[in-house]
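Below: the structure, in structure tokens.
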Amino acid sequence: MSLISVKDMTVSRGGMPVLEGLNFAVSPGEILVLRGPNGAGKTTLLRTLARLQPPYAGTVEAAPDAVAYAAHADGLKATLTVSENLAFWAGVYGGQDIAPALRDFNLETLRDRPAGNLSAGQKRRLGLARLMVTGRPVWVLDEPTVSLDVASVELFAKAVKGHVDGGGAAVIATHIHLGFEETVFDVTPYKARHDVIRNDFDESFL
Ligand SMILES: Nc1ncnc2c1ncn2[C@@H]1O[C@H](COP(=O)(O)OP(=O)(O)OP(=O)(O)O)[C@@H](O)[C@H]1O
């Protein structure tokens with residue numbers, strides 16, 4: 001039984017199909033890594049999986065509230081401390097313990113620091129720690145390692161591994177190798193034909 005699956009799905013940006021003919025499922029314990037060049041449509045696909053936008057065609061199936069999404073923006077409250085931010089999100093998602101998230105993302109010594117005063121990498125660690133307090137099974141992550149140093153990338157990889165070993169799953173767009181066992185899904189061949197037609201269009205006829 002998969003945690004999230006897509007069938008014959010087309011995803012769009014600004015009303016224009018970007019990727020089409022998508023069929024895949026992600027099961028408990030699985031990490032799906034999206035690859036593809038800049039602009040290929042990875043963010044668009046992730047946003048659709050997270051239900052921030054509807055599919056252009058086809059379906060995405062997941063249990064209600066299955067997905068926790070972490071995008072480029074970390075979504076932190078600048079005036080709240082690190083632990084207050086985590087407690088806030090824990091409250092929103094149903095009261096998970098924040099201690100494991102503080103520990104696993106090396107945030108214990110920063111717990112009383114306002115989030116606005118953190119470095120870029122520290123903010124990113126906090127943004128990712130937030131995933132742990134959601135209690136949601138499917139982590140959908142867009143370039144999660146941006147701003148992270150080598151040690152923090154390792155912390156992150158360990159947290160993802162712990163999450164999927166506990167029966168969760170993850171879909172991650174990343175250009176770097178994270179060092180865990182993963183299923184790689186290259187979106188390049190799924191580029192919507194619509195775009196090809198547009199790119200071939202001879203503008204001299206305009
Ligand atoms: N608001 C918009 N309206 C129309 N097209 C858009 C809009 N925003 C982005 N696009 C286009 O949609 C396509 C897919 O973008 P997307 O951000 O999903 O790619 P990506 O694979 O995540 O790229 P990257 O690796 O650079 O993050 C790109 O060609 C982009 O230029």
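The chains in the structure tokens are called A, B, ... from first to last as shown; in each chain the residues are counted from 1, and the ligands are counted from 1 in the order shown.
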- Message: Show me which residues are within 6 Å of ligand 1 counting only C-alpha atoms and all ligand atoms, and format the list as JSON, numbers by chain.
- Response: {"A": [13, 14, 18, 37, 38, 39, 40, 41, 42, 43, 44]}
Serialized selection, C-alpha atoms, as a compact mmCIF listing (two decimals), in the first residue's frame:
# COMPACT_ATOMS: atom_id res chain seq x y z
CA ARG A 13 2.75 26.40 -13.92
CA GLY A 14 0.95 29.63 -14.80
CA VAL A 18 5.15 21.53 -17.51
CA PRO A 37 17.86 20.38 -14.85
CA ASN A 38 16.83 23.83 -13.65
CA GLY A 39 13.33 24.65 -14.83
CA ALA A 40 12.45 21.02 -15.59
CA GLY A 41 9.42 21.12 -13.29
CA LYS A 42 10.53 19.54 -10.00
CA THR A 43 9.14 22.35 -7.83
CA THR A 44 5.88 22.29 -9.78
- Write out as a PyMOL selection string which residues come within 10 Å of range 80-83 of chain A when counting only C-alpha atoms, dropping same-chain ones fewer than 3 positions away. chain A and resi 76-77+86-89+98-99+101-102+107-118+122-123+126-127+129
Show which residues sit within 12 Å of Arg47 in chain A, as an mmCIF file with N, CA and C atoms, in the first residue's frame. Count only C-alpha atoms, and ignore same-chain residues fewer than 3 positions away.
data_model
loop_
_atom_site.group_PDB
_atom_site.id
_atom_site.type_symbol
_atom_site.label_atom_id
_atom_site.label_comp_id
_atom_site.auth_asym_id
_atom_site.auth_seq_id
_atom_site.Cartn_x
_atom_site.Cartn_y
_atom_site.Cartn_z
ATOM 1 N N VAL A 11 1.246 18.271 -14.604
ATOM 2 C CA VAL A 11 1.325 19.406 -13.678
ATOM 3 C C VAL A 11 1.639 20.662 -14.481
ATOM 4 N N SER A 12 1.138 21.790 -13.974
ATOM 5 C CA SER A 12 1.270 23.022 -14.751
ATOM 6 C C SER A 12 1.764 24.173 -13.889
ATOM 7 N N ARG A 13 2.277 25.171 -14.561
ATOM 8 C CA ARG A 13 2.748 26.396 -13.919
ATOM 9 C C ARG A 13 2.194 27.553 -14.731
ATOM 10 N N GLY A 41 10.778 21.259 -13.839
ATOM 11 C CA GLY A 41 9.421 21.116 -13.288
ATOM 12 C C GLY A 41 9.363 20.411 -11.944
ATOM 13 N N LYS A 42 10.501 20.262 -11.281
ATOM 14 C CA LYS A 42 10.533 19.539 -10.001
ATOM 15 C C LYS A 42 9.697 20.262 -8.939
ATOM 16 N N THR A 43 9.898 21.574 -8.825
ATOM 17 C CA THR A 43 9.137 22.349 -7.834
ATOM 18 C C THR A 43 7.642 22.266 -8.130
ATOM 19 N N THR A 44 7.290 22.356 -9.382
ATOM 20 C CA THR A 44 5.881 22.293 -9.782
ATOM 21 C C THR A 44 5.282 20.945 -9.378
ATOM 22 N N ALA A 50 2.009 18.253 -2.735
ATOM 23 C CA ALA A 50 1.650 18.847 -1.440
ATOM 24 C C ALA A 50 0.262 19.485 -1.469
ATOM 25 N N ARG A 51 -0.417 19.400 -2.599
ATOM 26 C CA ARG A 51 -1.758 19.954 -2.788
ATOM 27 C C ARG A 51 -1.798 21.473 -2.627
ATOM 28 N N LEU A 52 -0.676 22.112 -2.904
ATOM 29 C CA LEU A 52 -0.681 23.577 -2.921
ATOM 30 C C LEU A 52 -1.277 24.069 -4.231
ATOM 31 N N GLN A 53 -1.306 23.176 -5.211
ATOM 32 C CA GLN A 53 -1.979 23.476 -6.471
ATOM 33 C C GLN A 53 -2.566 22.163 -6.999
ATOM 34 N N PRO A 54 -3.666 22.254 -7.755
ATOM 35 C CA PRO A 54 -4.279 21.023 -8.268
ATOM 36 C C PRO A 54 -3.501 20.491 -9.467
ATOM 37 N N PRO A 55 -3.604 19.166 -9.740
ATOM 38 C CA PRO A 55 -3.034 18.667 -10.990
ATOM 39 C C PRO A 55 -3.750 19.317 -12.175
ATOM 40 N N VAL A 60 -3.653 12.822 -7.947
ATOM 41 C CA VAL A 60 -2.693 12.511 -6.897
ATOM 42 C C VAL A 60 -3.498 11.995 -5.712
ATOM 43 N N VAL A 67 0.868 14.786 3.951
ATOM 44 C CA VAL A 67 2.090 15.411 3.437
ATOM 45 C C VAL A 67 2.545 16.591 4.294
ATOM 46 N N ALA A 68 3.841 16.607 4.598
ATOM 47 C CA ALA A 68 4.491 17.795 5.180
ATOM 48 C C ALA A 68 5.440 18.329 4.119
ATOM 49 N N TYR A 69 5.311 19.619 3.818
ATOM 50 C CA TYR A 69 6.056 20.206 2.703
ATOM 51 C C TYR A 69 7.073 21.223 3.223
ATOM 52 N N ALA A 70 8.286 21.131 2.734
ATOM 53 C CA ALA A 70 9.293 22.151 3.069
ATOM 54 C C ALA A 70 9.864 22.703 1.771
ATOM 55 N N ALA A 71 9.647 23.982 1.564
ATOM 56 C CA ALA A 71 10.057 24.620 0.308
ATOM 57 C C ALA A 71 11.288 25.475 0.521
ATOM 58 N N HIS A 72 11.614 26.258 -0.483
ATOM 59 C CA HIS A 72 12.789 27.125 -0.403
ATOM 60 C C HIS A 72 12.688 28.073 0.795
ATOM 61 N N TRP A 139 7.222 13.283 3.672
ATOM 62 C CA TRP A 139 7.964 14.541 3.620
ATOM 63 C C TRP A 139 8.229 14.881 2.156
ATOM 64 N N VAL A 140 7.777 16.061 1.743
ATOM 65 C CA VAL A 140 7.986 16.538 0.371
ATOM 66 C C VAL A 140 8.918 17.739 0.460
ATOM 67 N N LEU A 141 10.123 17.578 -0.081
ATOM 68 C CA LEU A 141 11.189 18.543 0.202
ATOM 69 C C LEU A 141 11.803 19.108 -1.071
ATOM 70 N N ASP A 142 11.841 20.441 -1.141
ATOM 71 C CA ASP A 142 12.390 21.100 -2.320
ATOM 72 C C ASP A 142 13.766 21.671 -1.998
ATOM 73 N N VAL A 171 9.813 12.488 -0.621
ATOM 74 C CA VAL A 171 10.036 12.841 -2.027
ATOM 75 C C VAL A 171 10.881 14.105 -1.999
ATOM 76 N N ILE A 172 12.067 14.037 -2.604
ATOM 77 C CA ILE A 172 13.043 15.112 -2.426
ATOM 78 C C ILE A 172 13.602 15.554 -3.776
ATOM 79 N N ALA A 173 13.494 16.864 -4.073
ATOM 80 C CA ALA A 173 14.194 17.403 -5.241
ATOM 81 C C ALA A 173 15.547 17.905 -4.769
#
- Item | Nearby residues (only C-alpha atoms) at most 12 Å from Val92 in chain A, same-chain spacing under 6 positions excluded, as a VMD selection string | chain A and resid 65 85 to 86 130 133 to 136
Please give the complete set of residues from chain A that DSSP, run on the backbone, assigns to alpha helix (DSSP H), formatted as a CSV table (one decimal) with N, CA and C atoms, in the first residue's frame.
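Wrote out-v4.csv, looks like this:
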chain,number,residue,atom,x,y,z
A,42,LYS,N,10.5,20.3,-11.3
A,42,LYS,CA,10.5,19.5,-10.0
A,42,LYS,C,9.7,20.3,-8.9
A,43,THR,N,9.9,21.6,-8.8
A,43,THR,CA,9.1,22.3,-7.8
A,43,THR,C,7.6,22.3,-8.1
A,44,THR,N,7.3,22.4,-9.4
A,44,THR,CA,5.9,22.3,-9.8
A,44,THR,C,5.3,20.9,-9.4
A,45,LEU,N,6.0,19.9,-9.6
A,45,LEU,CA,5.6,18.5,-9.2
A,45,LEU,C,5.4,18.4,-7.7
A,46,LEU,N,6.4,18.9,-6.9
A,46,LEU,CA,6.3,18.9,-5.5
A,46,LEU,C,5.2,19.6,-4.9
A,47,ARG,N,4.9,20.8,-5.5
A,47,ARG,CA,3.8,21.7,-5.0
A,47,ARG,C,2.5,21.0,-5.3
A,48,THR,N,2.4,20.2,-6.4
A,48,THR,CA,1.2,19.5,-6.7
A,48,THR,C,1.0,18.3,-5.7
A,49,LEU,N,2.1,17.6,-5.4
A,49,LEU,CA,2.0,16.5,-4.4
A,49,LEU,C,1.6,17.0,-3.1
A,82,VAL,N,13.6,29.6,18.6
A,82,VAL,CA,13.7,28.3,18.0
A,82,VAL,C,12.7,27.3,18.6
A,83,SER,N,12.7,27.2,19.9
A,83,SER,CA,11.8,26.2,20.5
A,83,SER,C,10.4,26.7,20.4
A,84,GLU,N,10.1,28.0,20.5
A,84,GLU,CA,8.8,28.5,20.3
A,84,GLU,C,8.2,28.2,18.9
A,85,ASN,N,9.1,28.3,17.9
A,85,ASN,CA,8.7,28.0,16.5
A,85,ASN,C,8.3,26.5,16.4
A,86,LEU,N,9.1,25.6,17.0
A,86,LEU,CA,8.8,24.2,16.9
A,86,LEU,C,7.5,23.9,17.7
A,87,ALA,N,7.4,24.6,18.9
A,87,ALA,CA,6.2,24.3,19.7
A,87,ALA,C,4.9,24.8,19.0
A,88,PHE,N,5.1,26.0,18.3
A,88,PHE,CA,4.0,26.5,17.5
A,88,PHE,C,3.5,25.5,16.4
A,89,TRP,N,4.5,24.9,15.7
A,89,TRP,CA,4.1,24.0,14.6
A,89,TRP,C,3.6,22.7,15.2
A,90,ALA,N,4.2,22.3,16.3
A,90,ALA,CA,3.7,21.0,17.0
A,90,ALA,C,2.3,21.2,17.4
A,91,GLY,N,1.9,22.4,17.8
A,91,GLY,CA,0.5,22.7,18.2
A,91,GLY,C,-0.4,22.7,17.0
A,92,VAL,N,0.1,23.3,15.9
A,92,VAL,CA,-0.7,23.3,14.7
A,92,VAL,C,-1.0,21.9,14.2
A,93,TYR,N,0.0,21.0,14.3
A,93,TYR,CA,-0.1,19.7,13.7
A,93,TYR,C,-0.5,18.6,14.7
A,99,ALA,N,11.4,17.8,21.5
A,99,ALA,CA,12.8,17.5,21.9
A,99,ALA,C,13.6,16.7,20.9
A,100,PRO,N,13.0,15.6,20.2
A,100,PRO,CA,13.8,14.9,19.2
A,100,PRO,C,14.2,15.8,18.0
A,101,ALA,N,13.3,16.7,17.7
A,101,ALA,CA,13.6,17.6,16.5
A,101,ALA,C,14.8,18.6,16.9
A,102,LEU,N,14.8,19.1,18.1
A,102,LEU,CA,15.9,20.0,18.6
A,102,LEU,C,17.2,19.2,18.6
A,103,ARG,N,17.1,17.9,19.1
A,103,ARG,CA,18.3,17.1,19.2
A,103,ARG,C,18.9,16.7,17.8
A,104,ASP,N,18.0,16.2,17.0
A,104,ASP,CA,18.5,15.7,15.7
A,104,ASP,C,19.0,16.7,14.7
A,120,ALA,N,21.7,31.6,7.9
A,120,ALA,CA,20.9,30.9,6.8
A,120,ALA,C,20.9,29.4,7.0
A,121,GLY,N,22.0,28.8,7.4
A,121,GLY,CA,22.0,27.3,7.5
A,121,GLY,C,21.3,26.9,8.8
A,122,GLN,N,21.4,27.7,9.9
A,122,GLN,CA,20.6,27.4,11.1
A,122,GLN,C,19.1,27.5,10.8
A,123,LYS,N,18.7,28.6,10.1
A,123,LYS,CA,17.3,28.7,9.7
A,123,LYS,C,16.8,27.5,9.0
A,124,ARG,N,17.6,27.0,8.0
A,124,ARG,CA,17.3,25.9,7.2
A,124,ARG,C,17.1,24.6,8.1
A,125,ARG,N,18.0,24.5,9.1
A,125,ARG,CA,18.0,23.3,10.0
A,125,ARG,C,16.6,23.4,10.8
A,126,LEU,N,16.3,24.6,11.2
A,126,LEU,CA,15.0,24.8,12.0
A,126,LEU,C,13.8,24.5,11.1
A,127,GLY,N,13.9,24.9,9.8
A,127,GLY,CA,12.8,24.7,8.8
A,127,GLY,C,12.6,23.2,8.6
A,128,LEU,N,13.7,22.4,8.6
A,128,LEU,CA,13.7,21.0,8.4
A,128,LEU,C,13.2,20.3,9.7
A,129,ALA,N,13.7,20.8,10.8
A,129,ALA,CA,13.3,20.2,12.1
A,129,ALA,C,11.8,20.2,12.3
A,130,ARG,N,11.2,21.3,11.7
A,130,ARG,CA,9.7,21.4,11.7
A,130,ARG,C,9.0,20.2,11.2
A,131,LEU,N,9.6,19.5,10.2
A,131,LEU,CA,9.0,18.3,9.6
A,131,LEU,C,8.8,17.3,10.7
A,132,MET,N,9.7,17.2,11.6
A,132,MET,CA,9.7,16.1,12.6
A,132,MET,C,8.5,16.3,13.5
A,133,VAL,N,8.1,17.6,13.8
A,133,VAL,CA,7.0,17.8,14.7
A,133,VAL,C,5.6,17.7,14.1
A,134,THR,N,5.6,17.6,12.7
A,134,THR,CA,4.3,17.5,12.1
A,134,THR,C,3.7,16.1,12.3
A,150,VAL,N,28.5,20.6,5.5
A,150,VAL,CA,28.6,19.2,5.3
A,150,VAL,C,28.0,18.4,6.5
A,151,ALA,N,28.3,18.9,7.7
A,151,ALA,CA,27.8,18.3,9.0
A,151,ALA,C,26.3,18.3,9.0
A,152,SER,N,25.7,19.4,8.6
A,152,SER,CA,24.2,19.6,8.6
A,152,SER,C,23.6,18.7,7.6
A,153,VAL,N,24.2,18.6,6.4
A,153,VAL,CA,23.7,17.7,5.4
A,153,VAL,C,23.6,16.3,6.0
A,154,GLU,N,24.6,15.9,6.7
A,154,GLU,CA,24.6,14.6,7.3
A,154,GLU,C,23.5,14.4,8.4
A,155,LEU,N,23.3,15.5,9.2
A,155,LEU,CA,22.2,15.4,10.1
A,155,LEU,C,20.8,15.3,9.4
A,156,PHE,N,20.7,16.0,8.3
A,156,PHE,CA,19.5,16.0,7.6
A,156,PHE,C,19.2,14.6,7.0
A,157,ALA,N,20.3,14.0,6.4
A,157,ALA,CA,20.2,12.7,5.8
A,157,ALA,C,19.8,11.6,6.8
A,158,LYS,N,20.4,11.8,8.0
A,158,LYS,CA,20.1,10.9,9.1
A,158,LYS,C,18.6,11.0,9.5
A,159,ALA,N,18.1,12.2,9.6
A,159,ALA,CA,16.7,12.5,10.0
A,159,ALA,C,15.8,11.8,9.0
A,160,VAL,N,16.1,12.0,7.7
A,160,VAL,CA,15.2,11.4,6.7
A,160,VAL,C,15.3,9.9,6.8
A,161,LYS,N,16.5,9.3,7.0
A,161,LYS,CA,16.6,7.9,7.1
A,161,LYS,C,15.8,7.4,8.3
A,162,GLY,N,15.9,8.1,9.4
A,162,GLY,CA,15.1,7.7,10.6
A,162,GLY,C,13.6,7.8,10.4
A,163,HIS,N,13.2,8.8,9.6
A,163,HIS,CA,11.8,9.0,9.3
A,163,HIS,C,11.3,7.8,8.4
A,164,VAL,N,12.0,7.4,7.4
A,164,VAL,CA,11.5,6.4,6.5
A,164,VAL,C,11.7,5.0,7.2
A,165,ASP,N,12.7,4.8,8.1
A,165,ASP,CA,12.8,3.6,8.8
A,165,ASP,C,11.7,3.4,9.8
A,193,ARG,N,4.8,18.1,-24.0
A,193,ARG,CA,5.0,18.3,-25.4
A,193,ARG,C,4.6,19.7,-25.8
A,194,HIS,N,3.6,20.2,-25.0
A,194,HIS,CA,3.1,21.6,-25.3
A,194,HIS,C,4.3,22.6,-25.3
A,195,ASP,N,5.2,22.4,-24.4
A,195,ASP,CA,6.4,23.3,-24.3
A,195,ASP,C,7.2,23.2,-25.5
A,196,VAL,N,7.4,21.9,-26.0
A,196,VAL,CA,8.2,21.7,-27.2
A,196,VAL,C,7.6,22.4,-28.4
A,197,ILE,N,6.3,22.3,-28.5
A,197,ILE,CA,5.7,23.0,-29.6
A,197,ILE,C,5.9,24.6,-29.5
A,198,ARG,N,5.8,25.1,-28.2
A,198,ARG,CA,6.0,26.5,-28.0
A,198,ARG,C,7.5,26.9,-28.4
A,199,ASN,N,8.4,26.0,-28.0
A,199,ASN,CA,9.8,26.4,-28.2
A,199,ASN,C,10.2,26.3,-29.7
A,200,ASP,N,9.4,25.5,-30.5
A,200,ASP,CA,9.7,25.4,-31.9
A,200,ASP,C,8.9,26.5,-32.7
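Among the candidate residues A:Val146, A:Ala169, A:Ala62, A:Ile4, the one lying nearest to Asp74 in chain A is A:Val146, with distances computed using only C-alpha atoms.
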